Amino acid sequence: MEAEGVHHRKVDVNGIKMHVVEKGEGPVVLLLHGFPELWYSWRHQILSLAARGYRAVAPDLRGYGDTDAPADVTAYTIFHIVGDLVALIDTLGQDKVFVVGHDWGAIVAWYLCVFRPDRVKALLNLSVAFMPREQALWRVDTLRGYYGDEFYVCRFQEPGEIERQFAQLDTTLLFKVFLTSRNPRPLIIPKEKGCTKLLGIDLPLPSWLSEDDINYFATKFNKSGFTGAVNYYRNINPNWELTSPWAGDQIKVPVKFIVGDLDLAYHFEGMQDYIHNGGFKRDVPLLDDVIVMEGVAHFINQEKPEEISDHIYDFIRKF
């Protein structure tokens, strides 16, 4: 069910029209969704933050939902995405904001803090830890080397190919598969009949996800398609090249990080060693806390809405 009393509007940012949902008065908390999500992923946090004296602002990122989706794949570099957010912060009349990111939203938030730490009061990121450029983990060839050609990031590279596979499925079923997965192993999408094996199955929904929730996501993606969202993955290698001037830069804003122990991002090659054995703290010196939630999978802000809302509030109230 859609969050009650939220305000929808379109704003002009960085050459596109961005759909923004907001509620509340007070310091701004910018909520950045991941793949394959929307502002709606933050429906619980928006209400919670607004009730606690904050102005919660959740955009549909470029290429998603009711925000413009430029046709050219090169319009989805990290510079474009972060540029959208800097322009949005300006449009909101703010010098600095709190930022909360999940999945791709977390990746974008890390880059926002690298490029423009002057615009961020503090950052709480979910699921995806900082990935230093020199490790080259977030490169297609690195991921292919670890997980093979059928790893989802590799499968997303060829324009149009994964969109055709997704189109073979009912979109509501596709979202049930995405959002209810509790398998922390690498996400493999076989090239032959990659999605068709899902046809005709009926997945039960967990208590934290309703048919209305699934239908909201499915309706929006039926309208927009998946190309804009998948184009983020198609810019992984270009992003790595473009960000060479920032090689070795640290994250210089206060950070809290939360991940579920069933999250596939927590099980990326070398990630747990990086998070827990000094690398993360080296690269993010103002890292305040790392929390691993037991029995929680990837879509953590939807699966554990009250706990995540409390973590956000308890962290940002310090500043």
# chains A, B, ... in the order shown; residues from 1 in each chain; ligands from 1
>>> select_by_dssp(residues="segment 65-270 of chain A", states="strand (DSSP E or B)", output="list in words")
Val97, Phe98, Val99, Val100, Gly101, His102, Val120, Lys121, Ala122, Leu123, Leu124, Asn125, Leu126, Phe151, Ile188, Val255, Lys256, Phe257, Ile258, Val259 and Gly260 of chain A
>>> write_last_selection(atoms="N, CA and C atoms", output="PDB file, in the first residue's frame")
ATOM      1  N   VAL A  97      22.850  17.425   3.162  1.00  0.00           N
ATOM      2  CA  VAL A  97      21.732  16.552   3.531  1.00  0.00           C
ATOM      3  C   VAL A  97      22.287  15.268   4.147  1.00  0.00           C
ATOM      4  N   PHE A  98      21.450  14.586   4.892  1.00  0.00           N
ATOM      5  CA  PHE A  98      21.733  13.203   5.264  1.00  0.00           C
ATOM      6  C   PHE A  98      21.404  12.316   4.069  1.00  0.00           C
ATOM      7  N   VAL A  99      22.177  11.254   3.879  1.00  0.00           N
ATOM      8  CA  VAL A  99      21.947  10.350   2.751  1.00  0.00           C
ATOM      9  C   VAL A  99      21.845   8.925   3.271  1.00  0.00           C
ATOM     10  N   VAL A 100      20.855   8.193   2.739  1.00  0.00           N
ATOM     11  CA  VAL A 100      20.685   6.776   3.034  1.00  0.00           C
ATOM     12  C   VAL A 100      20.574   6.057   1.694  1.00  0.00           C
ATOM     13  N   GLY A 101      21.423   5.041   1.473  1.00  0.00           N
ATOM     14  CA  GLY A 101      21.405   4.338   0.190  1.00  0.00           C
ATOM     15  C   GLY A 101      21.314   2.836   0.371  1.00  0.00           C
ATOM     16  N   HIS A 102      20.733   2.195  -0.630  1.00  0.00           N
ATOM     17  CA  HIS A 102      20.636   0.732  -0.635  1.00  0.00           C
ATOM     18  C   HIS A 102      20.992   0.213  -2.025  1.00  0.00           C
ATOM     19  N   VAL A 120      27.173  16.358   2.000  1.00  0.00           N
ATOM     20  CA  VAL A 120      26.644  15.237   2.792  1.00  0.00           C
ATOM     21  C   VAL A 120      26.996  15.418   4.263  1.00  0.00           C
ATOM     22  N   LYS A 121      25.975  15.471   5.114  1.00  0.00           N
ATOM     23  CA  LYS A 121      26.204  15.558   6.566  1.00  0.00           C
ATOM     24  C   LYS A 121      26.701  14.231   7.122  1.00  0.00           C
ATOM     25  N   ALA A 122      26.043  13.171   6.732  1.00  0.00           N
ATOM     26  CA  ALA A 122      26.385  11.821   7.186  1.00  0.00           C
ATOM     27  C   ALA A 122      25.676  10.836   6.276  1.00  0.00           C
ATOM     28  N   LEU A 123      26.221   9.623   6.211  1.00  0.00           N
ATOM     29  CA  LEU A 123      25.716   8.601   5.289  1.00  0.00           C
ATOM     30  C   LEU A 123      25.441   7.308   6.043  1.00  0.00           C
ATOM     31  N   LEU A 124      24.257   6.754   5.820  1.00  0.00           N
ATOM     32  CA  LEU A 124      23.955   5.396   6.272  1.00  0.00           C
ATOM     33  C   LEU A 124      23.700   4.557   5.030  1.00  0.00           C
ATOM     34  N   ASN A 125      24.541   3.560   4.811  1.00  0.00           N
ATOM     35  CA  ASN A 125      24.403   2.720   3.622  1.00  0.00           C
ATOM     36  C   ASN A 125      24.018   1.300   4.000  1.00  0.00           C
ATOM     37  N   LEU A 126      23.206   0.704   3.118  1.00  0.00           N
ATOM     38  CA  LEU A 126      22.687  -0.650   3.311  1.00  0.00           C
ATOM     39  C   LEU A 126      23.201  -1.550   2.193  1.00  0.00           C
ATOM     40  N   PHE A 151      26.853 -14.968 -14.568  1.00  0.00           N
ATOM     41  CA  PHE A 151      26.617 -14.102 -13.411  1.00  0.00           C
ATOM     42  C   PHE A 151      25.777 -12.920 -13.879  1.00  0.00           C
ATOM     43  N   ILE A 188      22.949 -16.265 -10.616  1.00  0.00           N
ATOM     44  CA  ILE A 188      23.249 -16.781 -11.950  1.00  0.00           C
ATOM     45  C   ILE A 188      21.963 -16.790 -12.774  1.00  0.00           C
ATOM     46  N   VAL A 255      29.875   7.637   8.662  1.00  0.00           N
ATOM     47  CA  VAL A 255      29.179   6.543   7.972  1.00  0.00           C
ATOM     48  C   VAL A 255      28.756   5.474   8.973  1.00  0.00           C
ATOM     49  N   LYS A 256      27.549   4.944   8.741  1.00  0.00           N
ATOM     50  CA  LYS A 256      27.091   3.715   9.389  1.00  0.00           C
ATOM     51  C   LYS A 256      26.718   2.740   8.281  1.00  0.00           C
ATOM     52  N   PHE A 257      27.039   1.466   8.473  1.00  0.00           N
ATOM     53  CA  PHE A 257      26.784   0.468   7.432  1.00  0.00           C
ATOM     54  C   PHE A 257      26.034  -0.711   8.023  1.00  0.00           C
ATOM     55  N   ILE A 258      24.985  -1.150   7.310  1.00  0.00           N
ATOM     56  CA  ILE A 258      24.158  -2.266   7.755  1.00  0.00           C
ATOM     57  C   ILE A 258      23.960  -3.239   6.599  1.00  0.00           C
ATOM     58  N   VAL A 259      24.105  -4.531   6.900  1.00  0.00           N
ATOM     59  CA  VAL A 259      23.914  -5.557   5.873  1.00  0.00           C
ATOM     60  C   VAL A 259      23.293  -6.786   6.530  1.00  0.00           C
ATOM     61  N   GLY A 260      22.515  -7.537   5.765  1.00  0.00           N
ATOM     62  CA  GLY A 260      21.979  -8.797   6.251  1.00  0.00           C
ATOM     63  C   GLY A 260      22.941  -9.936   5.967  1.00  0.00           C
TER      64      GLY A 260
END
>>> select_by_dssp(residues="segment 12-224 of chain A", states="alpha helix (DSSP H)", output="MDAnalysis selection string")
chainID A and resid 43:51 78:91 104:115 140:147 152:155 161:167 171:180 211:224
>>> atom_distance(atom1="atom CA of Asn222 of chain A", atom2="atom CA of Asn237 of chain A")
27.9 Å
>>> closest_atom_pairs(of="segment 146-219 of chain A", to="segment 294-315 of chain A", cutoff="9 Å", atoms="only C-alpha atoms", output="CSV")
residue,atom,partner,partner_atom,distance
A:Leu179,CA,A:Phe299,CA,6.6
A:Thr180,CA,A:Phe299,CA,8.3
A:Ser181,CA,A:Ala297,CA,7.5
A:Arg182,CA,A:Ala297,CA,5.5
A:Asn183,CA,A:Ala297,CA,7.8
A:Pro184,CA,A:Ala297,CA,7.5
A:Pro206,CA,A:Glu303,CA,8.7
A:Ser207,CA,A:Glu303,CA,8.6
A:Trp208,CA,A:Glu303,CA,5.7
A:Leu209,CA,A:Gln302,CA,7.7
>>> closest_residue(among="A:Phe175, A:Phe217, A:Trp110, A:Trp240", to="Pro254 of chain A", atoms="only C-alpha atoms")
A:Trp110
>>> residues_around(residues="Pro36 of chain A", least_positions_apart="6", cutoff="10 Å", atoms="only C-alpha atoms", output="count of residues only")
11
>>> closest_residue(among="A:Leu85, A:Ala247, A:Leu32, A:Ala75", to="Val13 of chain A", atoms="only C-alpha atoms")
A:Leu85
